[in-house]
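Data first, discussion second: the structure below is written as structure tokens.
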There are 2 protein chains.
Amino acid sequence: MAKSKNTEQKIFDAATELFMEKGVDRTSVRDIASKAGINLALMNYYFRSKENLFDTIFTNLVTENTRELLKILNSDMGLEEKIRSYVNAYIDMLTANPLLVPFFMAIIHRSQEKITQMKVISNLYGTEKFSQQIVDEGKKGTIRRTDPSHFFVDMISMITFPFAIRPLIMDRNEMSEEEFNEFIQERKEHVTEVLLKCMMPC
Amino acid sequence: MAKSKNTEQKIFDAATELFMEKGVDRTSVRDIASKAGINLALMNYYFRSKENLFDTIFTNLVTENTRELLKILNSDMGLEEKIRSYVNAYIDMLTANPLLVPFFMAIIHRSQEKITQMKVISNLYGTEKFSQQIVDEGKKGTIRRTDPSHFFVDMISMITFPFAIRPLIMDRNEMSEEEFNEFIQERKEHVTEVLLKCMMPC
DNA sequence: CATGCGTTTAAAATCTAGTTTAAAACAATA
DNA sequence: TATTGTTTTAAACTAGATTTTAAACGCATG
């Protein structure tokens with residue numbers, strides 16, 4: 001029982017990195033083993049199969065990274081403050097983990113049929129309370145009447161999409177890593193502003 | 001020389017469909033051959049390798065589908081009309097071809113290093129004229145001063161991202177195919193409005 | 001009509017990847 | 001120390017993918 005947790009963890013970590021970097025299908029079990037510095041068969045010993053290892057990792061990634069965001073979305077903040085914190089927290093999370101979005105995009109494409117994974121991701125977006133808030137404030141006249149589903153899609157689009165096409169943005173604008181990060185930091189303010197402005201009761 | 005063009009085309013078409021549907025890595029040359037109704041080795045004869053076939057298809061997909069959009073972006077329309085046509089044309093194009101975005105996202109992840117080297121990519125976003133227009137009108141005061149690179153990213157994010165996460169949106173809102181398409185059609189008006197509103201000179 | 005050329009097919013060789021097996025090493029404990 | 005359960009190793013197995021080679025086909029031209 002000695003090194004068990006240790007080895008299992010090493011496999012888990014190595015696989016996570018490789019999956020995110022090269023994609024699941026382009027990562028072989030042998031890659032994982034060699035990166036983790038363990039014997040090939042141990043992957044099968046601890047996780048029954050590559051696909052099962054992937055499921056484990058995937059679920060873990062989603063739940064780990066969305067806890068905070070969900071909390072904000074379902075908090076009691078006012079609409080403006082909520083939007084601002086959500087945008088900031090989301091962008092911070094993705095900045096710390098820039099491969100997350102491209103990885104997710106690839107997974108959605110890869111496993112459309114795998115409903116379970118879709119369900120896991122759907123958790124990402126527990127928006128009932130937030131939607132209600134938008135409808136309510138629309139009725140009160142505090143903001144323009146706004147369709148919450150479109151609004152939410154706008155929001156996550158503007159937040160996450162730049163990470164999905166990062167290489168293109170960098171290439172197009174001849175940006176270095178740092179310049180791209182600056183660009184992303186600027187977007188915190190920018191996206192918040194766009195979202196608030198378009199629901200202002202003109 | 002009899003069936004040459006024919007066979008080459010059959011391979012090309014079959015591969016295009018499969019790549020878009022299942023992803024490049026999960027499509028085997030056998031799949032392609034059987035779908036195209038040709039012998040396994042013919043893929044190798046016409047396109048030297050699977051990877052080379054993929055490059056050909058990818059380049060073709062990009063150029064075919066961006067011609068129209070680029071024309072609009074570099075036309076002499078006024079800003080408002082230009083934005084409206086661009087959003088409409090882009091959404092129409094993706095509606096006709098709903099796998100395009102998820103496919104691209106997967107490709108960006110799959111071949112990051114390769115993609116920036118591909119010259120076709122720069123074609124995707126030839127935005128000089130459009131950017132200039134935004135800067136000019138900002139100076140004139142017709143619109144708020146707006147950073148063109150953020151604006152352009154906002155625009156393509158809101159247009160394309162919903163297609164990338166289509167299964168999630170459908171699952172979350174319990175939508176049928178048709179309902180999703182309606183949702184997307186609504187977005188033409190919605191996105192245009194958001195974009196125009198946020199550059200209005202308050 | 002046979003020669004040559006582009007095209008197509010078939011079979012074999014090579015490689016890569018996931019999984020399994022069987023035995024060895026190890027650790028804990030009775 | 002002997003026993004037992006866990007962990008590790010090396011090697012084998014299986015399946016499939018890709019590439020190569022050579023042979024067959026069909027047709028137009030000399």
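Residues are named by chain letter and number: chains run A, B, ... in the order of the structure tokens, numbers start at 1 in each chain, and ligands are numbered from 1 in the order shown.
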
| said: Matching each Cα of chain A to its counterpart in chain B by order, what RMSD results from the least-squares fit? | reply: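 C-alpha RMSD, chain A fitted to chain B: 0.8 Å.
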
| said: Using only C-alpha atoms (C1' of nucleotides), which protein or nucleic acid residues come within 10 Å of Ile184 of chain B? Drop anything in the same chain fewer than 2 positions from it, and give the result as a ChimeraX atom specification. | reply: /A:150 /B:91-92,94-95,159,162-163,178-182,186-190

| field | Pick from A:Lys82, A:Arg67, A:His109, A:Arg48, whichever lies nearest to chain B using only C-alpha atoms | value |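 Distance minimum relative to chain B lands on A:His109.
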
| In Å, with one decimal, what is the gap from atom CA of Ser122 of chain A to atom CA of Leu195 of chain B? |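 Calculated distance between atom CA of Ser122 of chain A and atom CA of Leu195 of chain B is 27.2 Å.
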
Could the residues of chain C that have an atom at most 12 Å from segment 4-14 of chain D be listed as JSON lines, each with its closest atom pair and the distance in Å to one decimal, counting only C-alpha atoms (C1' of nucleotides) and ordered by chain and ascending residue number?
{"residue": "C:DA17", "atom": "C1'", "partner": "D:DT14", "partner_atom": "C1'", "distance": 10.3}
{"residue": "C:DG18", "atom": "C1'", "partner": "D:DT14", "partner_atom": "C1'", "distance": 8.9}
{"residue": "C:DT19", "atom": "C1'", "partner": "D:DT14", "partner_atom": "C1'", "distance": 8.2}
{"residue": "C:DT20", "atom": "C1'", "partner": "D:DC13", "partner_atom": "C1'", "distance": 7.3}
{"residue": "C:DT21", "atom": "C1'", "partner": "D:DA12", "partner_atom": "C1'", "distance": 7.8}
{"residue": "C:DA22", "atom": "C1'", "partner": "D:DA11", "partner_atom": "C1'", "distance": 9.4}
{"residue": "C:DA23", "atom": "C1'", "partner": "D:DT9", "partner_atom": "C1'", "distance": 8.9}
{"residue": "C:DA24", "atom": "C1'", "partner": "D:DT9", "partner_atom": "C1'", "distance": 7.5}
{"residue": "C:DA25", "atom": "C1'", "partner": "D:DT8", "partner_atom": "C1'", "distance": 7.2}
{"residue": "C:DC26", "atom": "C1'", "partner": "D:DT7", "partner_atom": "C1'", "distance": 7.4}
{"residue": "C:DA27", "atom": "C1'", "partner": "D:DT6", "partner_atom": "C1'", "distance": 8.2}
{"residue": "C:DA28", "atom": "C1'", "partner": "D:DT4", "partner_atom": "C1'", "distance": 9.1}
{"residue": "C:DT29", "atom": "C1'", "partner": "D:DT4", "partner_atom": "C1'", "distance": 9.0}
{"residue": "C:DA30", "atom": "C1'", "partner": "D:DT4", "partner_atom": "C1'", "distance": 10.1}

Please produce a file of the residues just selected, as an mmCIF file, in the first residue's frame, where the atoms kept are C-alpha atoms (C1' of nucleotides).
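Result file follows (selection.cif):
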data_model
loop_
_atom_site.group_PDB
_atom_site.id
_atom_site.type_symbol
_atom_site.label_atom_id
_atom_site.label_comp_id
_atom_site.auth_asym_id
_atom_site.auth_seq_id
_atom_site.Cartn_x
_atom_site.Cartn_y
_atom_site.Cartn_z
ATOM 1 C "C1'" DA C 17 -1.212 1.385 -29.693
ATOM 2 C "C1'" DG C 18 -4.086 -0.681 -26.088
ATOM 3 C "C1'" DT C 19 -4.494 -4.436 -23.275
ATOM 4 C "C1'" DT C 20 -3.273 -8.771 -20.898
ATOM 5 C "C1'" DT C 21 -0.456 -12.200 -18.599
ATOM 6 C "C1'" DA C 22 2.620 -14.230 -15.566
ATOM 7 C "C1'" DA C 23 6.061 -13.853 -12.623
ATOM 8 C "C1'" DA C 24 9.025 -11.142 -9.556
ATOM 9 C "C1'" DA C 25 9.637 -7.722 -5.798
ATOM 10 C "C1'" DC C 26 7.955 -5.686 -1.887
ATOM 11 C "C1'" DA C 27 5.664 -4.671 2.546
ATOM 12 C "C1'" DA C 28 3.058 -5.874 6.410
ATOM 13 C "C1'" DT C 29 1.863 -9.044 9.812
ATOM 14 C "C1'" DA C 30 0.748 -13.226 12.071
#

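Applying a distance limit of 7 Å to only C-alpha atoms (C1' of nucleotides), the residues of chain C near chain B read C:DG6, C:DT7, C:DT9.
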
Could you save the residues just selected, with all heavy atoms, as a PDB file, in the first residue's frame?
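That gives us again.pdb:
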ATOM      1  P    DG C   6       1.685   8.695 -67.424  1.00  0.00           P
ATOM      2  OP1  DG C   6       2.068  10.101 -67.661  1.00  0.00           O
ATOM      3  OP2  DG C   6       2.562   7.793 -66.647  1.00  0.00           O
ATOM      4  O5'  DG C   6       0.236   8.694 -66.778  1.00  0.00           O
ATOM      5  C5'  DG C   6      -0.873   9.138 -67.555  1.00  0.00           C
ATOM      6  C4'  DG C   6      -2.107   8.411 -67.077  1.00  0.00           C
ATOM      7  O4'  DG C   6      -1.921   6.984 -67.283  1.00  0.00           O
ATOM      8  C3'  DG C   6      -2.385   8.592 -65.577  1.00  0.00           C
ATOM      9  O3'  DG C   6      -3.758   8.908 -65.424  1.00  0.00           O
ATOM     10  C2'  DG C   6      -2.023   7.249 -64.962  1.00  0.00           C
ATOM     11  C1'  DG C   6      -2.298   6.286 -66.106  1.00  0.00           C
ATOM     12  N9   DG C   6      -1.522   5.049 -66.064  1.00  0.00           N
ATOM     13  C8   DG C   6      -0.160   4.908 -65.924  1.00  0.00           C
ATOM     14  N7   DG C   6       0.232   3.656 -65.944  1.00  0.00           N
ATOM     15  C5   DG C   6      -0.944   2.932 -66.089  1.00  0.00           C
ATOM     16  C6   DG C   6      -1.151   1.528 -66.172  1.00  0.00           C
ATOM     17  O6   DG C   6      -0.321   0.620 -66.116  1.00  0.00           O
ATOM     18  N1   DG C   6      -2.508   1.221 -66.331  1.00  0.00           N
ATOM     19  C2   DG C   6      -3.509   2.145 -66.398  1.00  0.00           C
ATOM     20  N2   DG C   6      -4.744   1.665 -66.544  1.00  0.00           N
ATOM     21  N3   DG C   6      -3.333   3.467 -66.331  1.00  0.00           N
ATOM     22  C4   DG C   6      -2.032   3.779 -66.171  1.00  0.00           C
ATOM     23  P    DT C   7      -4.361   9.276 -64.013  1.00  0.00           P
ATOM     24  OP1  DT C   7      -5.521  10.165 -64.188  1.00  0.00           O
ATOM     25  OP2  DT C   7      -3.237   9.659 -63.124  1.00  0.00           O
ATOM     26  O5'  DT C   7      -4.909   7.868 -63.522  1.00  0.00           O
ATOM     27  C5'  DT C   7      -5.953   7.251 -64.285  1.00  0.00           C
ATOM     28  C4'  DT C   7      -6.151   5.853 -63.791  1.00  0.00           C
ATOM     29  O4'  DT C   7      -4.941   5.094 -63.899  1.00  0.00           O
ATOM     30  C3'  DT C   7      -6.563   5.722 -62.314  1.00  0.00           C
ATOM     31  O3'  DT C   7      -7.950   5.362 -62.295  1.00  0.00           O
ATOM     32  C2'  DT C   7      -5.658   4.628 -61.749  1.00  0.00           C
ATOM     33  C1'  DT C   7      -5.071   4.010 -63.010  1.00  0.00           C
ATOM     34  N1   DT C   7      -3.746   3.344 -62.897  1.00  0.00           N
ATOM     35  C2   DT C   7      -3.700   1.971 -62.920  1.00  0.00           C
ATOM     36  O2   DT C   7      -4.693   1.277 -63.030  1.00  0.00           O
ATOM     37  N3   DT C   7      -2.435   1.438 -62.821  1.00  0.00           N
ATOM     38  C4   DT C   7      -1.239   2.132 -62.701  1.00  0.00           C
ATOM     39  O4   DT C   7      -0.167   1.535 -62.617  1.00  0.00           O
ATOM     40  C5   DT C   7      -1.359   3.562 -62.679  1.00  0.00           C
ATOM     41  C7   DT C   7      -0.137   4.397 -62.551  1.00  0.00           C
ATOM     42  C6   DT C   7      -2.604   4.106 -62.782  1.00  0.00           C
ATOM     43  P    DT C   9     -10.411  -0.335 -57.854  1.00  0.00           P
ATOM     44  OP1  DT C   9     -11.755  -0.907 -58.092  1.00  0.00           O
ATOM     45  OP2  DT C   9     -10.224   0.713 -56.839  1.00  0.00           O
ATOM     46  O5'  DT C   9      -9.440  -1.537 -57.516  1.00  0.00           O
ATOM     47  C5'  DT C   9      -9.342  -2.613 -58.441  1.00  0.00           C
ATOM     48  C4'  DT C   9      -8.289  -3.587 -57.992  1.00  0.00           C
ATOM     49  O4'  DT C   9      -6.987  -2.964 -58.029  1.00  0.00           O
ATOM     50  C3'  DT C   9      -8.459  -4.115 -56.558  1.00  0.00           C
ATOM     51  O3'  DT C   9      -8.744  -5.499 -56.658  1.00  0.00           O
ATOM     52  C2'  DT C   9      -7.109  -3.848 -55.881  1.00  0.00           C
ATOM     53  C1'  DT C   9      -6.176  -3.588 -57.054  1.00  0.00           C
ATOM     54  N1   DT C   9      -5.042  -2.646 -56.804  1.00  0.00           N
ATOM     55  C2   DT C   9      -3.746  -3.103 -56.866  1.00  0.00           C
ATOM     56  O2   DT C   9      -3.457  -4.250 -57.112  1.00  0.00           O
ATOM     57  N3   DT C   9      -2.784  -2.141 -56.638  1.00  0.00           N
ATOM     58  C4   DT C   9      -3.004  -0.809 -56.363  1.00  0.00           C
ATOM     59  O4   DT C   9      -2.067  -0.042 -56.170  1.00  0.00           O
ATOM     60  C5   DT C   9      -4.386  -0.394 -56.308  1.00  0.00           C
ATOM     61  C7   DT C   9      -4.730   1.017 -56.006  1.00  0.00           C
ATOM     62  C6   DT C   9      -5.343  -1.321 -56.526  1.00  0.00           C
TER      63       DT C   9
END

| Residues of chain D within 10 Å of chain B, counting only C-alpha atoms (C1' of nucleotides), as JSON, numbers by chain | {"D": [16, 17, 18, 19, 20, 26, 27]}

Those same residues, written as a PDB file, in the first residue's frame with N, CA, C and O atoms (P, O5', C5', C4', C3', O3' and C1' of nucleotides)?
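Wrote it out as out05.pdb, contents follow:
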ATOM      1  P    DG D  16      -9.733  -4.747 -35.228  1.00  0.00           P
ATOM      2  O5'  DG D  16      -9.048  -3.422 -35.776  1.00  0.00           O
ATOM      3  C5'  DG D  16      -8.689  -2.384 -34.879  1.00  0.00           C
ATOM      4  C4'  DG D  16      -7.616  -1.573 -35.562  1.00  0.00           C
ATOM      5  C3'  DG D  16      -7.866  -1.464 -37.047  1.00  0.00           C
ATOM      6  O3'  DG D  16      -8.430  -0.171 -37.291  1.00  0.00           O
ATOM      7  C1'  DG D  16      -5.571  -1.943 -36.545  1.00  0.00           C
ATOM      8  P    DA D  17      -8.123   0.844 -38.376  1.00  0.00           P
ATOM      9  O5'  DA D  17      -6.576   1.179 -38.241  1.00  0.00           O
ATOM     10  C5'  DA D  17      -6.156   2.200 -37.346  1.00  0.00           C
ATOM     11  C4'  DA D  17      -4.856   2.793 -37.850  1.00  0.00           C
ATOM     12  C3'  DA D  17      -4.944   3.382 -39.251  1.00  0.00           C
ATOM     13  O3'  DA D  17      -4.309   4.644 -39.276  1.00  0.00           O
ATOM     14  C1'  DA D  17      -3.284   1.685 -39.193  1.00  0.00           C
ATOM     15  P    DT D  18      -4.283   5.484 -40.602  1.00  0.00           P
ATOM     16  O5'  DT D  18      -2.872   5.147 -41.252  1.00  0.00           O
ATOM     17  C5'  DT D  18      -1.713   5.339 -40.470  1.00  0.00           C
ATOM     18  C4'  DT D  18      -0.507   4.894 -41.263  1.00  0.00           C
ATOM     19  C3'  DT D  18      -0.429   5.454 -42.691  1.00  0.00           C
ATOM     20  O3'  DT D  18       0.802   6.163 -42.791  1.00  0.00           O
ATOM     21  C1'  DT D  18      -0.037   3.117 -42.670  1.00  0.00           C
ATOM     22  P    DT D  19       1.207   6.961 -44.099  1.00  0.00           P
ATOM     23  O5'  DT D  19       2.113   5.857 -44.821  1.00  0.00           O
ATOM     24  C5'  DT D  19       3.109   5.222 -44.052  1.00  0.00           C
ATOM     25  C4'  DT D  19       3.776   4.139 -44.877  1.00  0.00           C
ATOM     26  C3'  DT D  19       4.100   4.545 -46.319  1.00  0.00           C
ATOM     27  O3'  DT D  19       5.496   4.367 -46.479  1.00  0.00           O
ATOM     28  C1'  DT D  19       3.046   2.412 -46.248  1.00  0.00           C
ATOM     29  P    DT D  20       6.222   4.707 -47.871  1.00  0.00           P
ATOM     30  O5'  DT D  20       6.342   3.264 -48.528  1.00  0.00           O
ATOM     31  C5'  DT D  20       6.799   2.193 -47.713  1.00  0.00           C
ATOM     32  C4'  DT D  20       6.874   0.921 -48.531  1.00  0.00           C
ATOM     33  C3'  DT D  20       7.295   1.096 -49.991  1.00  0.00           C
ATOM     34  O3'  DT D  20       8.387   0.222 -50.210  1.00  0.00           O
ATOM     35  C1'  DT D  20       5.294  -0.189 -49.851  1.00  0.00           C
ATOM     36  P    DG D  26     -10.396  -4.521 -67.471  1.00  0.00           P
ATOM     37  O5'  DG D  26     -10.084  -3.110 -68.135  1.00  0.00           O
ATOM     38  C5'  DG D  26     -10.222  -1.932 -67.352  1.00  0.00           C
ATOM     39  C4'  DG D  26      -9.835  -0.745 -68.195  1.00  0.00           C
ATOM     40  C3'  DG D  26     -10.346  -0.809 -69.630  1.00  0.00           C
ATOM     41  O3'  DG D  26     -10.696   0.506 -69.976  1.00  0.00           O
ATOM     42  C1'  DG D  26      -8.016  -0.578 -69.636  1.00  0.00           C
ATOM     43  P    DC D  27     -11.790   0.774 -71.123  1.00  0.00           P
ATOM     44  O5'  DC D  27     -11.034   1.934 -71.911  1.00  0.00           O
ATOM     45  C5'  DC D  27     -10.250   2.874 -71.165  1.00  0.00           C
ATOM     46  C4'  DC D  27      -9.087   3.371 -71.994  1.00  0.00           C
ATOM     47  C3'  DC D  27      -9.376   3.427 -73.502  1.00  0.00           C
ATOM     48  O3'  DC D  27      -8.966   4.682 -73.975  1.00  0.00           O
ATOM     49  C1'  DC D  27      -7.325   2.380 -73.111  1.00  0.00           C
TER      50       DC D  27
END

| message | Residues of chain B were defined as contacting chain A if any atom lay at most 7 Å from it, counting only C-alpha atoms; please report them as a ChimeraX atom specification. | response | /B:22-23,25,102,105-106,109-110,112,116,122,154,157-158,161,164,168,172,194,197-198

Write a file of the just-selected residues containing N, CA, C and O atoms, as a compact mmCIF listing (two decimals), in the first residue's frame.
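See part_8.txt below for the written result:
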# COMPACT_ATOMS: atom_id res chain seq x y z
N LYS B 22 -16.28 12.97 -37.25
CA LYS B 22 -15.66 12.20 -36.18
C LYS B 22 -14.32 12.77 -35.72
O LYS B 22 -13.76 12.29 -34.74
N GLY B 23 -13.82 13.75 -36.43
CA GLY B 23 -12.49 14.26 -36.12
C GLY B 23 -11.44 13.50 -36.90
O GLY B 23 -11.63 12.32 -37.24
N ASP B 25 -8.41 12.38 -36.08
CA ASP B 25 -7.70 11.27 -35.43
C ASP B 25 -8.57 10.03 -35.26
O ASP B 25 -8.06 8.93 -35.15
N PRO B 102 -16.95 23.39 -34.68
CA PRO B 102 -16.34 22.36 -33.83
C PRO B 102 -15.12 21.73 -34.48
O PRO B 102 -14.11 21.48 -33.81
N MET B 105 -12.19 24.18 -34.14
CA MET B 105 -11.71 24.23 -32.76
C MET B 105 -10.81 23.03 -32.48
O MET B 105 -9.74 23.15 -31.91
N ALA B 106 -11.30 21.86 -32.90
CA ALA B 106 -10.51 20.65 -32.68
C ALA B 106 -9.17 20.74 -33.40
O ALA B 106 -8.14 20.33 -32.86
N HIS B 109 -6.60 22.92 -31.70
CA HIS B 109 -6.00 22.22 -30.58
C HIS B 109 -5.03 21.15 -31.06
O HIS B 109 -3.95 20.97 -30.52
N ARG B 110 -5.45 20.46 -32.10
CA ARG B 110 -4.68 19.34 -32.62
C ARG B 110 -3.35 19.74 -33.23
O ARG B 110 -2.32 19.09 -33.04
N GLN B 112 -1.56 23.01 -33.30
CA GLN B 112 -1.26 24.41 -33.02
C GLN B 112 -0.06 24.92 -33.79
O GLN B 112 -0.08 26.00 -34.37
N THR B 116 -0.39 27.95 -37.49
CA THR B 116 0.08 29.32 -37.70
C THR B 116 0.94 29.41 -38.95
O THR B 116 1.06 30.46 -39.56
N SER B 122 -4.35 33.24 -42.38
CA SER B 122 -4.37 34.70 -42.36
C SER B 122 -5.53 35.23 -43.20
O SER B 122 -6.05 36.31 -42.98
N ASP B 154 -14.98 40.25 -30.12
CA ASP B 154 -16.35 40.17 -29.61
C ASP B 154 -17.28 39.63 -30.69
O ASP B 154 -18.09 38.72 -30.45
N SER B 157 -16.66 36.03 -31.65
CA SER B 157 -16.99 35.17 -30.51
C SER B 157 -18.48 34.92 -30.46
O SER B 157 -18.93 33.77 -30.39
N MET B 158 -19.23 35.99 -30.49
CA MET B 158 -20.68 35.84 -30.34
C MET B 158 -21.31 35.13 -31.53
O MET B 158 -22.32 34.45 -31.39
N PHE B 161 -19.12 31.03 -31.38
CA PHE B 161 -19.03 30.17 -30.20
C PHE B 161 -20.25 29.27 -29.96
O PHE B 161 -20.09 28.10 -29.62
N ALA B 164 -19.87 26.08 -31.47
CA ALA B 164 -18.86 25.23 -30.84
C ALA B 164 -19.45 24.45 -29.68
O ALA B 164 -19.07 23.32 -29.43
N LEU B 168 -24.08 21.48 -25.78
CA LEU B 168 -24.33 21.98 -24.44
C LEU B 168 -25.57 22.86 -24.40
O LEU B 168 -26.42 22.71 -23.51
N ARG B 172 -28.73 21.83 -22.22
CA ARG B 172 -29.11 22.75 -21.14
C ARG B 172 -30.55 23.25 -21.28
O ARG B 172 -31.31 23.27 -20.33
N VAL B 194 -26.47 44.04 -30.16
CA VAL B 194 -25.48 44.19 -29.09
C VAL B 194 -24.27 44.97 -29.59
O VAL B 194 -23.80 45.92 -28.96
N LYS B 197 -25.18 48.59 -30.31
CA LYS B 197 -25.49 49.33 -29.09
C LYS B 197 -24.23 49.68 -28.31
O LYS B 197 -24.13 50.76 -27.75
N CYS B 198 -23.29 48.78 -28.30
CA CYS B 198 -22.13 49.04 -27.45
C CYS B 198 -21.15 50.00 -28.09
O CYS B 198 -20.18 50.41 -27.46

| said: Show me, as a PyMOL selection string, the residues that have an atom within 12 Å of Gly138 of chain A when counting only C-alpha atoms (C1' of nucleotides), minus same-chain residues fewer than 4 positions from it. | reply: chain A and resi 79+131-134+142-148+199-201

| message | For the structure I just gave you, how does DSSP split segment 25-202 of chain B - specifically, which residues are alpha helix (DSSP H)? Reply as a ChimeraX atom specification. | response | /B:29-36,40-46,50-73,79-96,100-110,112-117,119-124,128-140,148-164,166-172,177-198

What's around DT21 of chain D at 10 Å? Count only C-alpha atoms (C1' of nucleotides), leave out sequence neighbours fewer than 2 positions away in its own chain, and write the answer as a PDB file with C-alpha atoms (C1' of nucleotides), in the first residue's frame.
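File written: out_23.pdb
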ATOM      1  C1'  DA C  11      -1.016  -8.690 -50.688  1.00  0.00           C
ATOM      2  C1'  DA C  12       2.629  -8.110 -47.623  1.00  0.00           C
ATOM      3  C1'  DA C  13       5.621  -5.602 -44.552  1.00  0.00           C
TER       4       DA C  13
ATOM      5  C1'  DT D  19       3.046   2.412 -46.248  1.00  0.00           C
ATOM      6  C1'  DA D  23       1.066  -6.985 -60.360  1.00  0.00           C
TER       7       DA D  23
END
